[in-house]
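Heads up: the structure comes next, in C-alpha cells.
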Amino acid sequence: QVKLVESGGDLVQPGGSLRLSCAGAGGSLGNYAIGWFHQAPGKEREQIGGISAVSRYNGPTDYKDSVKGRFTISRDNDKNKNTVYLQMTNLKLEDTGVYYCAAVFAVPVPQTEERYDFWGQGTQVTVSS
C-alpha cells in the first residue's frame, strides 16, 4: 500500500508559477498511474491530468483543457525522491483550490476518481492579487 503526501501549495499572484509535489512512501510510484485533481471552493473535485505507470505504459495522459499548455506533470523515479510533480505556470484566479494526487497500481491513467485506490491529503493553492 502506497502513501501519498502532497506539498508545495502556496499563495501566488495571477500569472505566477508553483510546483506541487506528490511524494510516495511504501511503494515505487513508477508502478502506479498518478492523477492530479483540483477542487475549487464550493465545487466538486475534478481530474486535471495524470501520468501513466512507467513499468507498463509510457507518457502522460491528456490534460483537462483549462490547464493545457500551462500545467505539466512529470516523474522523478529516483528511489530517494519517488515523486510526481505538477508544474503550474501562468496561474489564474480559477486555479485556486485544493490539489490532490491519487494513485492506482500499474494501469493507464483512469478517467474517473473512483478507480484510484490511494489519495494524498491535499495541498492548498491560492491565486490572488
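If you're wondering about the labels, chains in the C-alpha cells are A, B, ... by order shown, residues count from 1 in each chain, ligands from 1 in order shown.
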
Which of region 27-108 of chain A fall in strand (DSSP E), as a PDB file with N, CA, C and O atoms, in the first residue's frame:
```pdb
ATOM      1  N   TYR A  32       2.764   2.988 -10.510  1.00  0.00           N
ATOM      2  CA  TYR A  32       1.400   3.478 -10.338  1.00  0.00           C
ATOM      3  C   TYR A  32       1.087   4.558 -11.364  1.00  0.00           C
ATOM      4  O   TYR A  32       1.938   5.404 -11.674  1.00  0.00           O
ATOM      5  N   ALA A  33      -0.130   4.519 -11.859  1.00  0.00           N
ATOM      6  CA  ALA A  33      -0.639   5.689 -12.567  1.00  0.00           C
ATOM      7  C   ALA A  33      -0.998   6.735 -11.511  1.00  0.00           C
ATOM      8  O   ALA A  33      -1.635   6.411 -10.502  1.00  0.00           O
ATOM      9  N   ILE A  34      -0.600   7.968 -11.765  1.00  0.00           N
ATOM     10  CA  ILE A  34      -0.838   9.048 -10.815  1.00  0.00           C
ATOM     11  C   ILE A  34      -1.726  10.101 -11.464  1.00  0.00           C
ATOM     12  O   ILE A  34      -1.432  10.586 -12.567  1.00  0.00           O
ATOM     13  N   GLY A  35      -2.791  10.446 -10.792  1.00  0.00           N
ATOM     14  CA  GLY A  35      -3.677  11.506 -11.249  1.00  0.00           C
ATOM     15  C   GLY A  35      -3.571  12.720 -10.350  1.00  0.00           C
ATOM     16  O   GLY A  35      -3.322  12.597  -9.149  1.00  0.00           O
ATOM     17  N   TRP A  36      -3.730  13.889 -10.954  1.00  0.00           N
ATOM     18  CA  TRP A  36      -3.820  15.132 -10.187  1.00  0.00           C
ATOM     19  C   TRP A  36      -5.240  15.667 -10.303  1.00  0.00           C
ATOM     20  O   TRP A  36      -5.825  15.686 -11.392  1.00  0.00           O
ATOM     21  N   PHE A  37      -5.749  16.149  -9.168  1.00  0.00           N
ATOM     22  CA  PHE A  37      -7.115  16.621  -9.081  1.00  0.00           C
ATOM     23  C   PHE A  37      -7.140  18.019  -8.471  1.00  0.00           C
ATOM     24  O   PHE A  37      -6.289  18.371  -7.656  1.00  0.00           O
ATOM     25  N   HIS A  38      -8.154  18.772  -8.842  1.00  0.00           N
ATOM     26  CA  HIS A  38      -8.337  20.128  -8.329  1.00  0.00           C
ATOM     27  C   HIS A  38      -9.756  20.254  -7.791  1.00  0.00           C
ATOM     28  O   HIS A  38     -10.720  19.874  -8.468  1.00  0.00           O
ATOM     29  N   GLN A  39      -9.855  20.774  -6.580  1.00  0.00           N
ATOM     30  CA  GLN A  39     -11.169  21.071  -6.014  1.00  0.00           C
ATOM     31  C   GLN A  39     -11.232  22.546  -5.686  1.00  0.00           C
ATOM     32  O   GLN A  39     -10.593  23.011  -4.721  1.00  0.00           O
ATOM     33  N   ARG A  45     -14.557  17.984  -6.857  1.00  0.00           N
ATOM     34  CA  ARG A  45     -13.189  17.685  -7.271  1.00  0.00           C
ATOM     35  C   ARG A  45     -13.192  17.183  -8.707  1.00  0.00           C
ATOM     36  O   ARG A  45     -14.062  16.395  -9.101  1.00  0.00           O
ATOM     37  N   GLU A  46     -12.221  17.627  -9.502  1.00  0.00           N
ATOM     38  CA  GLU A  46     -12.143  17.182 -10.883  1.00  0.00           C
ATOM     39  C   GLU A  46     -10.702  16.854 -11.243  1.00  0.00           C
ATOM     40  O   GLU A  46      -9.755  17.462 -10.735  1.00  0.00           O
ATOM     41  N   GLN A  47     -10.565  15.899 -12.135  1.00  0.00           N
ATOM     42  CA  GLN A  47      -9.228  15.483 -12.555  1.00  0.00           C
ATOM     43  C   GLN A  47      -8.710  16.451 -13.603  1.00  0.00           C
ATOM     44  O   GLN A  47      -9.407  16.793 -14.556  1.00  0.00           O
ATOM     45  N   ILE A  48      -7.475  16.876 -13.442  1.00  0.00           N
ATOM     46  CA  ILE A  48      -6.882  17.823 -14.383  1.00  0.00           C
ATOM     47  C   ILE A  48      -5.785  17.187 -15.220  1.00  0.00           C
ATOM     48  O   ILE A  48      -5.322  17.800 -16.191  1.00  0.00           O
ATOM     49  N   GLY A  49      -5.385  15.975 -14.884  1.00  0.00           N
ATOM     50  CA  GLY A  49      -4.394  15.278 -15.685  1.00  0.00           C
ATOM     51  C   GLY A  49      -3.800  14.138 -14.911  1.00  0.00           C
ATOM     52  O   GLY A  49      -4.165  13.880 -13.761  1.00  0.00           O
ATOM     53  N   GLY A  50      -2.883  13.430 -15.550  1.00  0.00           N
ATOM     54  CA  GLY A  50      -2.251  12.302 -14.885  1.00  0.00           C
ATOM     55  C   GLY A  50      -1.121  11.757 -15.719  1.00  0.00           C
ATOM     56  O   GLY A  50      -0.922  12.156 -16.875  1.00  0.00           O
ATOM     57  N   ILE A  51      -0.396  10.814 -15.148  1.00  0.00           N
ATOM     58  CA  ILE A  51       0.738  10.210 -15.820  1.00  0.00           C
ATOM     59  C   ILE A  51       0.676   8.712 -15.611  1.00  0.00           C
ATOM     60  O   ILE A  51       0.388   8.231 -14.504  1.00  0.00           O
ATOM     61  N   PHE A  71       0.015  23.612 -17.365  1.00  0.00           N
ATOM     62  CA  PHE A  71       0.406  22.651 -16.336  1.00  0.00           C
ATOM     63  C   PHE A  71       1.142  21.479 -16.981  1.00  0.00           C
ATOM     64  O   PHE A  71       0.779  21.039 -18.077  1.00  0.00           O
ATOM     65  N   THR A  72       2.137  20.968 -16.276  1.00  0.00           N
ATOM     66  CA  THR A  72       2.911  19.832 -16.760  1.00  0.00           C
ATOM     67  C   THR A  72       3.122  18.843 -15.620  1.00  0.00           C
ATOM     68  O   THR A  72       3.534  19.253 -14.517  1.00  0.00           O
ATOM     69  N   ILE A  73       2.876  17.568 -15.908  1.00  0.00           N
ATOM     70  CA  ILE A  73       3.080  16.509 -14.922  1.00  0.00           C
ATOM     71  C   ILE A  73       4.328  15.722 -15.299  1.00  0.00           C
ATOM     72  O   ILE A  73       4.515  15.366 -16.460  1.00  0.00           O
ATOM     73  N   SER A  74       5.165  15.473 -14.320  1.00  0.00           N
ATOM     74  CA  SER A  74       6.393  14.727 -14.589  1.00  0.00           C
ATOM     75  C   SER A  74       6.725  13.852 -13.389  1.00  0.00           C
ATOM     76  O   SER A  74       6.165  14.014 -12.302  1.00  0.00           O
ATOM     77  N   ARG A  75       7.665  12.923 -13.637  1.00  0.00           N
ATOM     78  CA  ARG A  75       8.077  11.995 -12.592  1.00  0.00           C
ATOM     79  C   ARG A  75       9.546  12.172 -12.248  1.00  0.00           C
ATOM     80  O   ARG A  75      10.357  12.510 -13.104  1.00  0.00           O
ATOM     81  N   ASP A  76       9.880  11.875 -11.003  1.00  0.00           N
ATOM     82  CA  ASP A  76      11.261  11.623 -10.611  1.00  0.00           C
ATOM     83  C   ASP A  76      11.253  10.272  -9.930  1.00  0.00           C
ATOM     84  O   ASP A  76      10.792  10.134  -8.798  1.00  0.00           O
ATOM     85  N   THR A  83       8.821  10.757  -6.554  1.00  0.00           N
ATOM     86  CA  THR A  83       7.893  11.879  -6.524  1.00  0.00           C
ATOM     87  C   THR A  83       7.329  12.163  -7.906  1.00  0.00           C
ATOM     88  O   THR A  83       8.021  12.001  -8.910  1.00  0.00           O
ATOM     89  N   VAL A  84       6.080  12.574  -7.936  1.00  0.00           N
ATOM     90  CA  VAL A  84       5.450  13.087  -9.153  1.00  0.00           C
ATOM     91  C   VAL A  84       5.170  14.565  -8.931  1.00  0.00           C
ATOM     92  O   VAL A  84       4.724  14.965  -7.849  1.00  0.00           O
ATOM     93  N   TYR A  85       5.420  15.355  -9.959  1.00  0.00           N
ATOM     94  CA  TYR A  85       5.292  16.797  -9.850  1.00  0.00           C
ATOM     95  C   TYR A  85       4.159  17.323 -10.728  1.00  0.00           C
ATOM     96  O   TYR A  85       3.841  16.757 -11.775  1.00  0.00           O
ATOM     97  N   LEU A  86       3.588  18.406 -10.283  1.00  0.00           N
ATOM     98  CA  LEU A  86       2.645  19.177 -11.093  1.00  0.00           C
ATOM     99  C   LEU A  86       3.206  20.592 -11.173  1.00  0.00           C
ATOM    100  O   LEU A  86       3.150  21.350 -10.198  1.00  0.00           O
ATOM    101  N   GLN A  87       3.799  20.901 -12.323  1.00  0.00           N
ATOM    102  CA  GLN A  87       4.327  22.242 -12.546  1.00  0.00           C
ATOM    103  C   GLN A  87       3.205  23.112 -13.100  1.00  0.00           C
ATOM    104  O   GLN A  87       2.622  22.778 -14.143  1.00  0.00           O
ATOM    105  N   MET A  88       2.912  24.182 -12.414  1.00  0.00           N
ATOM    106  CA  MET A  88       1.817  25.071 -12.802  1.00  0.00           C
ATOM    107  C   MET A  88       2.392  26.442 -13.154  1.00  0.00           C
ATOM    108  O   MET A  88       3.126  27.034 -12.359  1.00  0.00           O
ATOM    109  N   GLY A  97      -7.669  26.523  -5.105  1.00  0.00           N
ATOM    110  CA  GLY A  97      -8.331  25.350  -4.559  1.00  0.00           C
ATOM    111  C   GLY A  97      -7.342  24.380  -3.952  1.00  0.00           C
ATOM    112  O   GLY A  97      -6.155  24.685  -3.823  1.00  0.00           O
ATOM    113  N   VAL A  98      -7.866  23.226  -3.586  1.00  0.00           N
ATOM    114  CA  VAL A  98      -7.038  22.168  -3.033  1.00  0.00           C
ATOM    115  C   VAL A  98      -6.671  21.203  -4.153  1.00  0.00           C
ATOM    116  O   VAL A  98      -7.535  20.797  -4.941  1.00  0.00           O
ATOM    117  N   TYR A  99      -5.402  20.856  -4.186  1.00  0.00           N
ATOM    118  CA  TYR A  99      -4.896  19.930  -5.204  1.00  0.00           C
ATOM    119  C   TYR A  99      -4.537  18.605  -4.532  1.00  0.00           C
ATOM    120  O   TYR A  99      -3.844  18.585  -3.513  1.00  0.00           O
ATOM    121  N   TYR A 100      -5.021  17.542  -5.143  1.00  0.00           N
ATOM    122  CA  TYR A 100      -4.784  16.201  -4.642  1.00  0.00           C
ATOM    123  C   TYR A 100      -4.065  15.373  -5.700  1.00  0.00           C
ATOM    124  O   TYR A 100      -4.310  15.534  -6.895  1.00  0.00           O
ATOM    125  N   CYS A 101      -3.231  14.450  -5.238  1.00  0.00           N
ATOM    126  CA  CYS A 101      -2.743  13.408  -6.127  1.00  0.00           C
ATOM    127  C   CYS A 101      -3.335  12.080  -5.663  1.00  0.00           C
ATOM    128  O   CYS A 101      -3.674  11.906  -4.481  1.00  0.00           O
ATOM    129  N   ALA A 102      -3.463  11.167  -6.617  1.00  0.00           N
ATOM    130  CA  ALA A 102      -4.027   9.862  -6.328  1.00  0.00           C
ATOM    131  C   ALA A 102      -3.294   8.823  -7.165  1.00  0.00           C
ATOM    132  O   ALA A 102      -2.741   9.143  -8.229  1.00  0.00           O
ATOM    133  N   ALA A 103      -3.305   7.576  -6.703  1.00  0.00           N
ATOM    134  CA  ALA A 103      -2.548   6.517  -7.359  1.00  0.00           C
ATOM    135  C   ALA A 103      -3.377   5.253  -7.512  1.00  0.00           C
ATOM    136  O   ALA A 103      -4.228   4.938  -6.672  1.00  0.00           O
ATOM    137  N   VAL A 104      -3.099   4.553  -8.612  1.00  0.00           N
ATOM    138  CA  VAL A 104      -3.661   3.225  -8.815  1.00  0.00           C
ATOM    139  C   VAL A 104      -2.571   2.390  -9.468  1.00  0.00           C
ATOM    140  O   VAL A 104      -1.827   2.881 -10.331  1.00  0.00           O
ATOM    141  N   PHE A 105      -2.478   1.115  -9.081  1.00  0.00           N
ATOM    142  CA  PHE A 105      -1.331   0.299  -9.460  1.00  0.00           C
ATOM    143  C   PHE A 105      -1.373  -0.124 -10.912  1.00  0.00           C
ATOM    144  O   PHE A 105      -2.364  -0.653 -11.405  1.00  0.00           O
TER     145      PHE A 105
END
```

task: Write down as a PyMOL selection string the residues of chain A whose backbone DSSP state falls under helix (DSSP H, G or I).
output: chain A and resi 29-31+65-67+93-95+113-115

Please, could you write that set of residues out with C-alpha atoms as a CSV table (one decimal), in the first residue's frame?
```
chain,number,residue,atom,x,y,z
A,29,LEU,CA,5.4,5.5,-7.8
A,30,GLY,CA,6.8,4.3,-11.1
A,31,ASN,CA,4.5,1.3,-10.8
A,65,ASP,CA,-8.5,21.8,-21.5
A,66,SER,CA,-8.4,24.5,-18.9
A,67,VAL,CA,-4.8,23.6,-17.9
A,93,LEU,CA,-7.7,33.0,-10.2
A,94,GLU,CA,-9.8,30.0,-11.0
A,95,ASP,CA,-6.9,27.7,-10.3
A,113,GLU,CA,-11.7,9.2,-9.5
A,114,GLU,CA,-13.5,6.1,-8.3
A,115,ARG,CA,-10.8,4.0,-9.9
```

Show me, as a PDB file with C-alpha atoms, in the first residue's frame, the residues that have an atom within 12 Å of Leu91 (chain A) when counting only C-alpha atoms, minus same-chain residues fewer than 6 positions from it.
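Writing the result to result-v6.pdb gives the following:
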```pdb
ATOM      1  CA  ASP A  10       1.093  28.477  -1.529  1.00  0.00           C
ATOM      2  CA  LEU A  11      -0.364  31.928  -2.129  1.00  0.00           C
ATOM      3  CA  VAL A  12       0.661  33.222  -5.540  1.00  0.00           C
ATOM      4  CA  GLN A  13      -0.274  36.160  -7.746  1.00  0.00           C
ATOM      5  CA  PRO A  14      -2.050  35.692 -11.072  1.00  0.00           C
ATOM      6  CA  GLY A  15       0.467  34.829 -13.755  1.00  0.00           C
ATOM      7  CA  GLY A  16       2.778  33.215 -11.240  1.00  0.00           C
ATOM      8  CA  SER A  17       4.063  29.656 -11.020  1.00  0.00           C
ATOM      9  CA  LEU A  18       4.124  26.854  -8.490  1.00  0.00           C
ATOM     10  CA  ARG A  19       5.393  23.317  -8.430  1.00  0.00           C
ATOM     11  CA  SER A  66      -8.405  24.520 -18.905  1.00  0.00           C
ATOM     12  CA  VAL A  67      -4.818  23.645 -17.927  1.00  0.00           C
ATOM     13  CA  LYS A  68      -3.338  22.521 -21.249  1.00  0.00           C
ATOM     14  CA  GLY A  69      -0.218  24.449 -22.068  1.00  0.00           C
ATOM     15  CA  ARG A  70       0.033  25.763 -18.509  1.00  0.00           C
ATOM     16  CA  PHE A  71       0.406  22.651 -16.336  1.00  0.00           C
ATOM     17  CA  GLY A  97      -8.331  25.350  -4.559  1.00  0.00           C
ATOM     18  CA  VAL A 125      -3.164  26.761  -3.759  1.00  0.00           C
ATOM     19  CA  THR A 126      -4.487  30.302  -3.600  1.00  0.00           C
ATOM     20  CA  VAL A 127      -4.165  32.589  -6.596  1.00  0.00           C
ATOM     21  CA  SER A 128      -4.870  36.156  -5.593  1.00  0.00           C
ATOM     22  CA  SER A 129      -3.618  39.654  -6.245  1.00  0.00           C
TER      23      SER A 129
END
```

- prompt: What is the distance, in Å and to one decimal place, between CA of Thr123 (chain A) and CA of Glu6 (chain A)?
  reply: 5.9 Å

Contact residues around Gln1 (chain A) with only C-alpha atoms at 10 Å, ignoring same-chain residues under 6 positions, as a VMD selection string: chain A and resid 25 to 27 105 117 to 118

Mind dumping the selected residues with N, CA, C and O atoms as an mmCIF file, in the first residue's frame?
```cif
data_model
loop_
_atom_site.group_PDB
_atom_site.id
_atom_site.type_symbol
_atom_site.label_atom_id
_atom_site.label_comp_id
_atom_site.auth_asym_id
_atom_site.auth_seq_id
_atom_site.Cartn_x
_atom_site.Cartn_y
_atom_site.Cartn_z
ATOM 1 N N ALA A 25 5.463 6.862 -0.441
ATOM 2 C CA ALA A 25 6.147 6.022 0.532
ATOM 3 C C ALA A 25 5.460 4.669 0.575
ATOM 4 O O ALA A 25 4.231 4.592 0.440
ATOM 5 N N GLY A 26 6.261 3.616 0.711
ATOM 6 C CA GLY A 26 5.695 2.286 0.782
ATOM 7 C C GLY A 26 5.555 1.603 -0.561
ATOM 8 O O GLY A 26 4.986 0.507 -0.634
ATOM 9 N N GLY A 27 6.066 2.230 -1.617
ATOM 10 C CA GLY A 27 5.997 1.636 -2.936
ATOM 11 C C GLY A 27 6.565 2.587 -3.963
ATOM 12 O O GLY A 27 6.558 3.806 -3.744
ATOM 13 N N PHE A 105 -2.478 1.115 -9.081
ATOM 14 C CA PHE A 105 -1.331 0.299 -9.460
ATOM 15 C C PHE A 105 -1.373 -0.124 -10.912
ATOM 16 O O PHE A 105 -2.364 -0.653 -11.405
ATOM 17 N N ASP A 117 -7.010 4.190 -5.942
ATOM 18 C CA ASP A 117 -7.030 3.469 -4.669
ATOM 19 C C ASP A 117 -6.409 4.251 -3.516
ATOM 20 O O ASP A 117 -6.755 4.021 -2.360
ATOM 21 N N PHE A 118 -5.472 5.121 -3.830
ATOM 22 C CA PHE A 118 -4.729 5.815 -2.781
ATOM 23 C C PHE A 118 -4.751 7.318 -3.050
ATOM 24 O O PHE A 118 -4.575 7.745 -4.190
#
```

- prompt: Using only C-alpha atoms, which of A:Pro41, A:Asn90, A:Tyr116, A:Gln111 sits nearest Val2 (chain A)?
  reply: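 Nearest to Val2 (chain A): A:Tyr116.
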